[in-house]
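The structure file my_file-v6.tsv is reproduced below (TSV, C-alpha atoms).
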```
chain	number	residue	atom	x	y	z
F	1	MET	CA	88.11	113.11	83.65
F	2	LEU	CA	87.68	115.50	80.76
F	3	LYS	CA	88.55	118.58	82.78
F	4	GLU	CA	91.98	117.07	83.61
F	5	GLN	CA	92.55	116.38	79.90
F	6	VAL	CA	91.63	119.96	79.05
F	7	LEU	CA	93.83	121.38	81.82
F	8	GLU	CA	96.81	119.32	80.67
F	9	LEU	CA	96.27	120.43	77.07
F	10	LEU	CA	96.08	124.10	78.06
F	11	ALA	CA	99.13	123.76	80.32
F	12	HIS	CA	101.21	122.33	77.48
F	13	ASN	CA	100.07	125.04	75.05
F	14	ARG	CA	100.46	128.23	77.04
F	15	ALA	CA	101.86	130.32	74.19
F	16	SER	CA	98.61	130.55	72.24
F	17	TYR	CA	94.86	130.19	72.45
F	18	LEU	CA	93.31	126.82	71.67
F	19	SER	CA	89.91	126.84	70.00
F	20	GLY	CA	87.07	124.90	71.50
F	21	GLN	CA	86.90	122.89	68.28
F	22	ALA	CA	90.60	121.97	68.48
F	23	ILE	CA	90.26	120.88	72.09
F	24	ALA	CA	87.11	118.92	71.29
F	25	ALA	CA	88.81	117.13	68.39
F	26	TYR	CA	91.85	116.27	70.49
F	27	CYS	CA	89.77	114.91	73.38
F	28	GLY	CA	87.17	113.25	71.14
F	29	VAL	CA	84.21	115.11	72.64
F	30	SER	CA	81.77	117.86	71.69
F	31	ARG	CA	82.46	121.59	72.00
F	32	THR	CA	79.67	121.72	74.59
F	33	ALA	CA	81.53	119.15	76.67
F	34	VAL	CA	84.69	121.28	76.40
F	35	TRP	CA	82.78	124.36	77.53
F	36	LYS	CA	81.44	122.44	80.54
F	37	ALA	CA	84.97	121.25	81.39
F	38	ILE	CA	86.23	124.85	81.28
F	39	GLN	CA	83.42	125.86	83.62
F	40	GLN	CA	84.38	123.05	86.01
F	41	LEU	CA	88.01	124.18	86.00
F	42	GLU	CA	87.01	127.74	86.80
F	43	GLY	CA	84.76	126.40	89.54
F	44	ASP	CA	87.83	124.64	90.96
F	45	GLY	CA	89.67	127.96	91.02
F	46	VAL	CA	91.70	127.61	87.81
F	47	SER	CA	91.80	130.92	85.92
F	48	VAL	CA	91.08	130.40	82.20
F	49	THR	CA	90.95	133.27	79.68
F	50	ALA	CA	88.41	132.98	76.86
F	51	LYS	CA	88.63	135.08	73.68
F	52	THR	CA	86.04	135.23	70.95
F	53	HIS	CA	87.18	133.59	67.70
F	54	ALA	CA	90.40	132.52	69.41
F	55	GLY	CA	89.50	130.05	72.13
F	56	TYR	CA	90.91	129.36	75.56
F	57	ARG	CA	94.21	129.70	77.36
F	58	LEU	CA	95.33	129.60	80.96
F	59	ALA	CA	95.55	133.00	82.62
F	60	ALA	CA	99.06	134.36	83.04
F	61	ASP	CA	101.27	132.29	85.31
F	62	VAL	CA	98.63	129.84	86.48
F	63	LEU	CA	100.33	126.90	88.17
F	64	THR	CA	99.12	123.39	87.33
F	65	PRO	CA	100.16	119.83	88.25
F	66	TYR	CA	101.46	119.46	84.70
F	67	ASP	CA	104.13	122.12	85.25
F	68	VAL	CA	106.32	119.99	87.53
F	69	ALA	CA	108.51	117.17	86.20
F	70	LEU	CA	109.46	114.58	88.81
F	71	PRO	CA	111.15	111.17	88.80
F	72	ALA	CA	108.67	108.30	88.49
F	73	GLU	CA	109.23	107.26	92.11
F	74	VAL	CA	108.11	110.64	93.51
F	75	SER	CA	104.38	111.14	94.12
F	76	LEU	CA	102.82	114.51	93.27
F	77	PHE	CA	99.84	115.99	95.12
F	78	PHE	CA	98.45	119.25	93.75
F	79	TYR	CA	95.84	121.43	95.46
F	80	GLU	CA	94.14	124.57	94.26
F	81	SER	CA	93.61	125.38	97.94
F	82	ILE	CA	94.67	123.60	101.12
F	83	ASP	CA	95.02	124.63	104.75
F	84	SER	CA	98.75	123.87	104.78
F	85	THR	CA	100.92	121.64	102.61
F	86	ASN	CA	102.92	120.62	105.70
F	87	THR	CA	99.76	119.73	107.58
F	88	GLN	CA	98.50	117.75	104.61
F	89	ALA	CA	101.87	115.98	104.36
F	90	LYS	CA	101.45	114.84	107.97
F	91	ARG	CA	97.99	113.52	107.14
F	92	LEU	CA	99.33	111.56	104.19
F	93	LEU	CA	102.08	110.03	106.31
F	94	ALA	CA	99.56	109.10	108.99
F	95	GLU	CA	97.50	107.38	106.28
F	96	GLY	CA	100.52	105.28	105.33
F	97	LEU	CA	102.08	107.17	102.43
F	98	GLN	CA	105.33	105.55	101.33
F	99	GLY	CA	108.19	107.03	99.37
F	100	GLU	CA	109.05	110.61	98.50
F	101	ALA	CA	106.29	113.05	97.66
F	102	LEU	CA	105.84	116.66	96.58
F	103	LEU	CA	102.78	118.64	97.65
F	104	VAL	CA	102.04	121.90	95.82
F	105	ALA	CA	99.25	124.41	96.44
F	106	ASN	CA	98.05	127.51	94.64
F	107	GLU	CA	96.79	128.81	97.98
F	108	GLN	CA	97.15	128.01	101.68
F	109	THR	CA	94.38	129.07	103.99
F	110	ALA	CA	96.37	128.28	107.14
F	111	GLY	CA	99.99	128.36	106.02
F	112	ARG	CA	102.41	127.64	108.85
F	113	GLY	CA	105.77	129.14	109.76
F	114	ARG	CA	108.33	128.56	112.47
F	115	CYS	CA	107.55	129.04	116.16
F	116	GLY	CA	103.82	128.68	115.61
F	117	ARG	CA	103.56	131.65	113.27
F	118	SER	CA	101.31	131.74	110.22
F	119	PHE	CA	102.59	132.17	106.66
F	120	TYR	CA	100.54	134.43	104.42
F	121	SER	CA	99.77	132.40	101.29
F	122	PRO	CA	97.36	134.19	98.91
F	123	LYS	CA	96.04	132.53	95.78
F	124	ASP	CA	98.11	132.51	92.57
F	125	THR	CA	100.86	134.86	93.76
F	126	GLY	CA	103.25	132.57	95.61
F	127	ILE	CA	104.92	129.18	95.43
F	128	TYR	CA	103.85	126.92	98.30
F	129	TYR	CA	105.17	123.40	98.50
F	130	SER	CA	106.21	120.64	100.88
F	131	TYR	CA	108.52	117.74	100.12
F	132	ILE	CA	108.48	114.48	102.06
F	133	PHE	CA	111.84	112.74	102.41
F	134	HIS	CA	112.77	109.52	104.21
F	135	PRO	CA	116.45	110.18	104.93
F	136	ALA	CA	117.17	107.40	107.47
F	137	GLN	CA	119.68	109.72	109.13
F	138	ALA	CA	120.66	110.40	112.71
F	139	LEU	CA	118.72	113.20	114.35
F	140	SER	CA	121.82	115.40	114.45
F	141	ASP	CA	122.40	114.98	110.71
F	142	ALA	CA	118.77	115.70	109.85
F	143	VAL	CA	119.13	119.19	111.36
F	144	LEU	CA	121.33	120.05	108.38
F	145	ILE	CA	118.35	119.58	106.06
F	146	THR	CA	116.96	122.92	107.26
F	147	THR	CA	120.21	124.65	106.33
F	148	ALA	CA	120.31	122.83	103.00
F	149	ALA	CA	116.71	123.82	102.21
F	150	ALA	CA	117.59	127.51	102.47
F	151	VAL	CA	120.51	126.95	100.11
F	152	SER	CA	118.21	125.19	97.64
F	153	VAL	CA	115.96	128.25	97.46
F	154	VAL	CA	118.72	130.81	96.90
F	155	ARG	CA	120.31	128.56	94.27
F	156	ALA	CA	117.00	128.22	92.45
F	157	ILE	CA	116.36	131.98	92.53
F	158	GLU	CA	119.83	132.73	91.21
F	159	ARG	CA	119.51	130.01	88.58
F	160	THR	CA	116.29	131.42	87.13
F	161	THR	CA	116.58	135.17	87.80
F	162	ALA	CA	119.14	137.96	88.11
F	163	LEU	CA	118.22	138.50	91.77
F	164	LYS	CA	120.69	138.11	94.64
F	165	PRO	CA	118.92	136.76	97.73
F	166	SER	CA	120.44	136.22	101.16
F	167	ILE	CA	119.72	133.97	104.14
F	168	LYS	CA	118.81	135.14	107.62
F	169	TRP	CA	119.76	132.42	110.09
F	170	VAL	CA	118.21	129.92	110.44
F	171	ASN	CA	116.32	129.63	107.19
F	172	ASP	CA	114.51	132.77	106.07
F	173	VAL	CA	115.39	134.00	102.59
F	174	TYR	CA	115.59	137.75	102.07
F	175	LEU	CA	115.79	140.12	99.14
F	176	GLY	CA	117.31	143.33	100.43
F	177	ASP	CA	115.72	143.95	103.82
F	178	LYS	CA	112.47	142.07	103.07
F	179	LYS	CA	111.65	138.43	103.72
F	180	VAL	CA	110.56	136.66	100.54
F	181	CYS	CA	110.64	133.03	101.65
F	182	GLY	CA	110.00	131.04	104.80
F	183	ILE	CA	110.92	127.42	105.50
F	184	LEU	CA	109.42	125.04	108.05
F	185	THR	CA	111.11	121.67	108.53
F	186	GLU	CA	109.35	119.00	110.57
F	187	ALA	CA	110.62	115.51	111.37
F	188	VAL	CA	108.97	112.23	112.30
F	189	SER	CA	111.53	110.45	114.47
F	190	ASP	CA	112.15	107.01	115.91
F	191	PHE	CA	113.62	107.89	119.29
F	192	GLU	CA	114.54	104.28	120.09
F	193	SER	CA	116.92	104.08	117.14
F	194	GLY	CA	117.76	107.78	117.15
F	195	THR	CA	116.96	108.11	113.46
F	196	VAL	CA	114.55	110.21	111.44
F	197	GLU	CA	111.86	108.24	109.64
F	198	SER	CA	110.47	111.13	107.61
F	199	VAL	CA	111.25	114.80	107.10
F	200	ILE	CA	108.76	117.33	105.74
F	201	VAL	CA	110.34	120.45	104.26
F	202	GLY	CA	107.72	123.15	103.75
F	203	ILE	CA	108.67	126.19	101.67
F	204	GLY	CA	106.70	129.32	100.84
F	205	ILE	CA	108.05	131.85	98.35
F	206	ASN	CA	106.42	135.24	97.75
F	207	PHE	CA	106.70	135.30	93.97
F	208	ASN	CA	104.65	138.28	92.83
F	209	THR	CA	102.59	139.07	95.92
F	210	SER	CA	101.90	142.80	95.82
F	211	THR	CA	99.95	143.40	99.02
F	212	PHE	CA	100.41	142.05	102.52
F	213	PRO	CA	98.49	142.29	105.80
F	214	ALA	CA	99.33	145.39	107.82
F	215	ALA	CA	101.43	143.38	110.28
F	216	LEU	CA	103.72	142.24	107.44
F	217	GLU	CA	103.96	145.39	105.32
F	218	LYS	CA	107.33	146.48	106.73
F	219	THR	CA	109.00	143.09	106.75
F	220	ALA	CA	107.59	141.01	103.87
F	221	GLY	CA	108.60	141.36	100.26
F	222	SER	CA	108.21	139.62	96.93
F	223	LEU	CA	110.58	138.52	94.18
F	224	GLN	CA	108.71	140.34	91.39
F	225	ALA	CA	111.17	138.74	88.98
F	226	GLN	CA	110.88	139.43	85.29
F	227	GLY	CA	111.16	136.73	82.65
F	228	VAL	CA	110.48	133.74	84.90
F	229	THR	CA	107.25	131.96	85.77
F	230	ARG	CA	106.16	130.37	89.02
F	231	ALA	CA	106.36	127.00	87.29
F	232	ALA	CA	109.97	127.53	86.23
F	233	LEU	CA	111.07	128.63	89.69
F	234	LEU	CA	109.19	125.78	91.36
F	235	GLN	CA	110.83	123.25	89.06
F	236	ALA	CA	114.29	124.65	89.78
F	237	ALA	CA	113.62	124.84	93.53
F	238	VAL	CA	112.45	121.22	93.74
F	239	GLU	CA	115.44	120.01	91.74
F	240	GLU	CA	117.83	121.93	93.99
F	241	LEU	CA	116.09	120.69	97.14
F	242	ARG	CA	116.33	117.04	96.11
F	243	ARG	CA	119.98	117.58	95.19
F	244	VAL	CA	121.08	119.14	98.48
F	245	VAL	CA	119.13	116.75	100.71
F	246	ALA	CA	120.67	113.77	98.92
F	247	ASP	CA	124.12	115.20	99.73
F	248	VAL	CA	123.39	117.13	102.90
F	249	LYS	CA	126.88	116.72	104.38
F	250	ASN	CA	128.62	118.17	101.33
F	251	PRO	CA	130.82	121.05	102.60
F	252	ALA	CA	129.87	123.09	99.52
F	253	ILE	CA	126.33	123.45	100.86
F	254	LEU	CA	127.49	125.06	104.10
F	255	GLU	CA	129.94	127.22	102.16
F	256	ASP	CA	127.07	128.46	100.03
F	257	TYR	CA	124.99	129.05	103.15
F	258	ARG	CA	127.77	131.17	104.69
F	259	ALA	CA	128.31	133.06	101.44
F	260	HIS	CA	124.64	134.07	101.37
F	261	SER	CA	124.40	134.85	105.08
F	262	LEU	CA	122.60	138.04	105.98
F	263	VAL	CA	123.81	137.96	109.58
F	264	LEU	CA	127.56	137.31	109.59
F	265	GLY	CA	129.34	140.43	110.77
F	266	LYS	CA	126.08	142.00	111.94
F	267	LYS	CA	124.95	142.99	115.42
F	268	VAL	CA	122.27	140.58	116.63
F	269	THR	CA	120.13	140.11	119.71
F	270	PHE	CA	118.78	136.80	120.97
F	271	LEU	CA	117.32	134.96	123.95
F	272	LYS	CA	119.08	132.00	125.51
F	273	ASN	CA	117.81	130.23	128.63
F	274	GLY	CA	115.48	133.15	129.20
F	275	GLN	CA	118.31	135.71	129.15
F	276	ALA	CA	118.74	138.42	126.50
F	277	PHE	CA	122.11	138.75	124.78
F	278	CYS	CA	123.60	141.15	122.25
F	279	GLY	CA	126.63	140.47	120.14
F	280	THR	CA	128.12	140.08	116.69
F	281	ALA	CA	127.43	137.04	114.50
F	282	VAL	CA	130.90	135.73	113.68
F	283	GLY	CA	130.47	132.25	112.25
F	284	ILE	CA	128.31	129.28	111.32
F	285	GLU	CA	129.43	125.92	112.65
F	286	PRO	CA	129.53	122.70	110.58
F	287	GLY	CA	126.27	121.60	112.19
F	288	GLY	CA	124.57	124.88	111.25
F	289	ALA	CA	124.74	126.57	114.66
F	290	LEU	CA	125.32	130.32	114.72
F	291	GLN	CA	128.31	131.68	116.63
F	292	VAL	CA	127.78	135.03	118.32
F	293	GLN	CA	130.53	136.95	120.07
F	294	THR	CA	129.12	138.66	123.16
F	295	GLU	CA	130.73	140.62	125.96
F	296	SER	CA	130.53	137.51	128.12
F	297	GLY	CA	132.09	135.25	125.51
F	298	LEU	CA	131.30	133.21	122.44
F	299	GLN	CA	127.74	131.84	122.29
F	300	SER	CA	126.59	129.00	120.04
F	301	LEU	CA	122.94	129.00	118.94
F	302	SER	CA	121.54	125.78	117.52
F	303	SER	CA	117.93	126.98	117.41
F	304	GLY	CA	115.75	129.95	118.24
F	305	GLU	CA	115.18	133.43	116.86
F	306	ILE	CA	117.50	136.38	116.41
F	307	SER	CA	117.00	140.03	115.57
F	308	VAL	CA	119.44	141.59	113.14
F	309	ARG	CA	120.45	145.22	112.80
F	310	LEU	CA	120.58	145.29	109.01
F	311	ASN	CA	122.01	148.81	108.80
F	312	ASP	CA	125.09	148.06	110.93
```

Structure rendered as structure tokens:
Amino acid sequence: MLKEQVLELLAHNRASYLSGQAIAAYCGVSRTAVWKAIQQLEGDGVSVTAKTHAGYRLAADVLTPYDVALPAEVSLFFYESIDSTNTQAKRLLAEGLQGEALLVANEQTAGRGRCGRSFYSPKDTGIYYSYIFHPAQALSDAVLITTAAAVSVVRAIERTTALKPSIKWVNDVYLGDKKVCGILTEAVSDFESGTVESVIVGIGINFNTSTFPAALEKTAGSLQAQGVTRAALLQAAVEELRRVVADVKNPAILEDYRAHSLVLGKKVTFLKNGQAFCGTAVGIEPGGALQVQTESGLQSLSSGEISVRLND
């Protein structure tokens, strides 16, 4: 369709305006047809800036499907708005999708987090994506993918910005004392063979989100990084994610996870078997479990939620 041609042309020429005549000549259509295509894009939610005697360009930091480079064997699904990229990934798998796939959205209307929580995903300010893997790993090994996913995000942030993020166990990424990224990993398993058929890694990064709902104002933050676009960070994050999942047992990944830990050495509280415990986070086991030294002894947490006293 013409609007896809126009969007691709604008995405590949972000540095300057393109006149309607130039776009028309390139696409072999009339200027009226170009104008209609621009209107269709804006109707789809794509922000396009028009300037008299200059032409058209994408609004600052608009994310498009043409901003992500993937290997030929990886399918790309791009949505201006979707309820949840993880939910959509499940639909695609149920419909018979084969192979690896990346789903990217400019907005999620029902973004999902861990433990049934929602993930605030406003339009054009964050990076929201899910990646479908088919690791053919044992269930115990697949748990490491969650740990690896957190490492992929901090590596991508440090690769493209001067920021120094940290990881709150299990897989929330923080900048200072504010959460800037959440990760939800979901597996489709074959319990007879004890292997994982598919893993969906959903990641939401608050890139330049400036306002949050009242319930999140004290805990949520945003990267607000200078000199990097959403497209550049997304590209780096996807590359890092594919790299760590392909080599999930590499000790360097867990070393990086420990080095970025927000909780080691901190006082934490947690629930285990319905009982509340307090202690000090002292280590992260090879399988990703958190070790907490309590008055009653050393506790190993393989899942769940903890509260951290960041000022201790």

Closest pair table for region 280-305 of chain F residues within 10 Å of region 142-159 of chain F, all atoms listed in the file, as JSON lines:
```
{"residue": "F:Pro286", "atom": "CA", "partner": "F:Leu144", "partner_atom": "CA", "distance": 8.9}
{"residue": "F:Gly287", "atom": "CA", "partner": "F:Leu144", "partner_atom": "CA", "distance": 6.4}
{"residue": "F:Gly288", "atom": "CA", "partner": "F:Leu144", "partner_atom": "CA", "distance": 6.5}
{"residue": "F:Ala289", "atom": "CA", "partner": "F:Leu144", "partner_atom": "CA", "distance": 9.7}
{"residue": "F:Ser302", "atom": "CA", "partner": "F:Val143", "partner_atom": "CA", "distance": 9.3}
{"residue": "F:Ser303", "atom": "CA", "partner": "F:Val143", "partner_atom": "CA", "distance": 9.9}
```

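In this model, the gap between CA of Thr125 (chain F) and CA of Ile203 (chain F) comes to 14.1 Å.
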
In Å, how far is it from CA of Ala22 (chain F) to CA of Gly45 (chain F)?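 The value is 23.3 Å.
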
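Among the candidates F:Ser81, F:Thr161, F:Ser189, F:Thr294, the residue lying nearest to His134 (chain F) is F:Ser189 (atoms considered: all atoms listed in the file).
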
To one decimal place in Å, what is the distance between CA of Leu2 (chain F) and CA of Ala37 (chain F)? 6.4 Å

Residue list as an MDAnalysis selection string for point (117.0, 144.8, 101.7), cut-off 10 Å, all atoms listed in the file: chainID F and resid 165:166 174:179 219 221 262 310:311

Go ahead and dump the residues you just picked, C-alpha atoms, as a tab-separated table (two decimals), in the frame of the given file.
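Output file part.tsv follows:
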```
chain	number	residue	atom	x	y	z
F	165	PRO	CA	118.92	136.76	97.73
F	166	SER	CA	120.44	136.22	101.16
F	174	TYR	CA	115.59	137.75	102.07
F	175	LEU	CA	115.79	140.12	99.14
F	176	GLY	CA	117.31	143.33	100.43
F	177	ASP	CA	115.72	143.95	103.82
F	178	LYS	CA	112.47	142.07	103.07
F	179	LYS	CA	111.65	138.43	103.72
F	219	THR	CA	109.00	143.09	106.75
F	221	GLY	CA	108.60	141.36	100.26
F	262	LEU	CA	122.60	138.04	105.98
F	310	LEU	CA	120.58	145.29	109.01
F	311	ASN	CA	122.01	148.81	108.80
```

Neighbouring residues of Gly116 (chain F) were defined as those with any atom within 12 Å, considering all atoms listed in the file; residues of the same chain fewer than 5 positions away were excluded. Please report them as a ChimeraX atom specification. /F:110-111,184

Give as a compact mmCIF listing (two decimals) with C-alpha atoms, in the frame of the given file the set of residues within 9 Å of the point (96.6, 136.0, 81.7), where distances use the file's coordinates and only C-alpha atoms.
```
# COMPACT_ATOMS: atom_id res chain seq x y z
CA SER F 47 91.80 130.92 85.92
CA VAL F 48 91.08 130.40 82.20
CA THR F 49 90.95 133.27 79.68
CA ARG F 57 94.21 129.70 77.36
CA LEU F 58 95.33 129.60 80.96
CA ALA F 59 95.55 133.00 82.62
CA ALA F 60 99.06 134.36 83.04
CA ASP F 61 101.27 132.29 85.31
CA VAL F 62 98.63 129.84 86.48
```

Could you rebuild region 94-119 of chain F with N, CA and C atoms and give it back as a PDB file, in the frame of the given file?
```
ATOM      1  N   ALA F  94     100.372 109.829 108.014  1.00  0.00           N
ATOM      2  CA  ALA F  94      99.560 109.100 108.990  1.00  0.00           C
ATOM      3  C   ALA F  94      98.683 108.057 108.305  1.00  0.00           C
ATOM      4  N   GLU F  95      98.328 108.323 107.046  1.00  0.00           N
ATOM      5  CA  GLU F  95      97.500 107.380 106.280  1.00  0.00           C
ATOM      6  C   GLU F  95      98.338 106.282 105.639  1.00  0.00           C
ATOM      7  N   GLY F  96      99.671 106.354 105.828  1.00  0.00           N
ATOM      8  CA  GLY F  96     100.520 105.280 105.330  1.00  0.00           C
ATOM      9  C   GLY F  96     101.261 105.576 104.038  1.00  0.00           C
ATOM     10  N   LEU F  97     101.351 106.838 103.646  1.00  0.00           N
ATOM     11  CA  LEU F  97     102.080 107.170 102.430  1.00  0.00           C
ATOM     12  C   LEU F  97     103.520 106.671 102.496  1.00  0.00           C
ATOM     13  N   GLN F  98     103.961 106.048 101.427  1.00  0.00           N
ATOM     14  CA  GLN F  98     105.330 105.550 101.330  1.00  0.00           C
ATOM     15  C   GLN F  98     106.079 106.322 100.251  1.00  0.00           C
ATOM     16  N   GLY F  99     107.372 106.405 100.396  1.00  0.00           N
ATOM     17  CA  GLY F  99     108.190 107.030  99.370  1.00  0.00           C
ATOM     18  C   GLY F  99     108.190 108.549  99.437  1.00  0.00           C
ATOM     19  N   GLU F 100     108.960 109.154  98.553  1.00  0.00           N
ATOM     20  CA  GLU F 100     109.050 110.610  98.500  1.00  0.00           C
ATOM     21  C   GLU F 100     107.803 111.185  97.843  1.00  0.00           C
ATOM     22  N   ALA F 101     107.476 112.406  98.226  1.00  0.00           N
ATOM     23  CA  ALA F 101     106.290 113.050  97.660  1.00  0.00           C
ATOM     24  C   ALA F 101     106.463 114.561  97.674  1.00  0.00           C
ATOM     25  N   LEU F 102     105.888 115.198  96.673  1.00  0.00           N
ATOM     26  CA  LEU F 102     105.840 116.660  96.580  1.00  0.00           C
ATOM     27  C   LEU F 102     104.396 117.094  96.647  1.00  0.00           C
ATOM     28  N   LEU F 103     104.111 118.049  97.537  1.00  0.00           N
ATOM     29  CA  LEU F 103     102.780 118.640  97.650  1.00  0.00           C
ATOM     30  C   LEU F 103     102.881 120.102  97.244  1.00  0.00           C
ATOM     31  N   VAL F 104     102.026 120.524  96.317  1.00  0.00           N
ATOM     32  CA  VAL F 104     102.040 121.900  95.820  1.00  0.00           C
ATOM     33  C   VAL F 104     100.637 122.481  95.940  1.00  0.00           C
ATOM     34  N   ALA F 105     100.550 123.748  96.335  1.00  0.00           N
ATOM     35  CA  ALA F 105      99.250 124.410  96.440  1.00  0.00           C
ATOM     36  C   ALA F 105      99.291 125.775  95.787  1.00  0.00           C
ATOM     37  N   ASN F 106      98.183 126.159  95.178  1.00  0.00           N
ATOM     38  CA  ASN F 106      98.050 127.510  94.640  1.00  0.00           C
ATOM     39  C   ASN F 106      97.685 128.505  95.745  1.00  0.00           C
ATOM     40  N   GLU F 107      97.189 127.962  96.862  1.00  0.00           N
ATOM     41  CA  GLU F 107      96.790 128.810  97.980  1.00  0.00           C
ATOM     42  C   GLU F 107      96.827 127.982  99.256  1.00  0.00           C
ATOM     43  N   GLN F 108      97.254 128.614 100.355  1.00  0.00           N
ATOM     44  CA  GLN F 108      97.150 128.010 101.680  1.00  0.00           C
ATOM     45  C   GLN F 108      96.268 128.891 102.546  1.00  0.00           C
ATOM     46  N   THR F 109      95.275 128.293 103.145  1.00  0.00           N
ATOM     47  CA  THR F 109      94.380 129.070 103.990  1.00  0.00           C
ATOM     48  C   THR F 109      94.866 129.149 105.429  1.00  0.00           C
ATOM     49  N   ALA F 110      95.801 128.270 105.787  1.00  0.00           N
ATOM     50  CA  ALA F 110      96.370 128.280 107.140  1.00  0.00           C
ATOM     51  C   ALA F 110      97.845 127.898 107.045  1.00  0.00           C
ATOM     52  N   GLY F 111      98.571 128.615 106.188  1.00  0.00           N
ATOM     53  CA  GLY F 111      99.990 128.360 106.020  1.00  0.00           C
ATOM     54  C   GLY F 111     100.728 128.517 107.337  1.00  0.00           C
ATOM     55  N   ARG F 112     101.731 127.661 107.554  1.00  0.00           N
ATOM     56  CA  ARG F 112     102.410 127.640 108.850  1.00  0.00           C
ATOM     57  C   ARG F 112     103.875 128.019 108.697  1.00  0.00           C
ATOM     58  N   GLY F 113     104.368 128.771 109.693  1.00  0.00           N
ATOM     59  CA  GLY F 113     105.770 129.140 109.760  1.00  0.00           C
ATOM     60  C   GLY F 113     106.400 128.610 111.029  1.00  0.00           C
ATOM     61  N   ARG F 114     107.624 129.004 111.266  1.00  0.00           N
ATOM     62  CA  ARG F 114     108.330 128.560 112.470  1.00  0.00           C
ATOM     63  C   ARG F 114     107.734 129.210 113.713  1.00  0.00           C
ATOM     64  N   CYS F 115     107.952 128.528 114.848  1.00  0.00           N
ATOM     65  CA  CYS F 115     107.550 129.040 116.160  1.00  0.00           C
ATOM     66  C   CYS F 115     106.051 129.331 116.251  1.00  0.00           C
ATOM     67  N   GLY F 116     105.264 128.532 115.530  1.00  0.00           N
ATOM     68  CA  GLY F 116     103.820 128.680 115.610  1.00  0.00           C
ATOM     69  C   GLY F 116     103.242 129.833 114.829  1.00  0.00           C
ATOM     70  N   ARG F 117     104.054 130.518 114.049  1.00  0.00           N
ATOM     71  CA  ARG F 117     103.560 131.650 113.270  1.00  0.00           C
ATOM     72  C   ARG F 117     102.798 131.160 112.036  1.00  0.00           C
ATOM     73  N   SER F 118     101.995 132.054 111.470  1.00  0.00           N
ATOM     74  CA  SER F 118     101.310 131.740 110.220  1.00  0.00           C
ATOM     75  C   SER F 118     102.149 132.253 109.057  1.00  0.00           C
ATOM     76  N   PHE F 119     101.904 131.697 107.861  1.00  0.00           N
ATOM     77  CA  PHE F 119     102.590 132.170 106.660  1.00  0.00           C
ATOM     78  C   PHE F 119     101.529 132.587 105.652  1.00  0.00           C
TER      79      PHE F 119
END
```
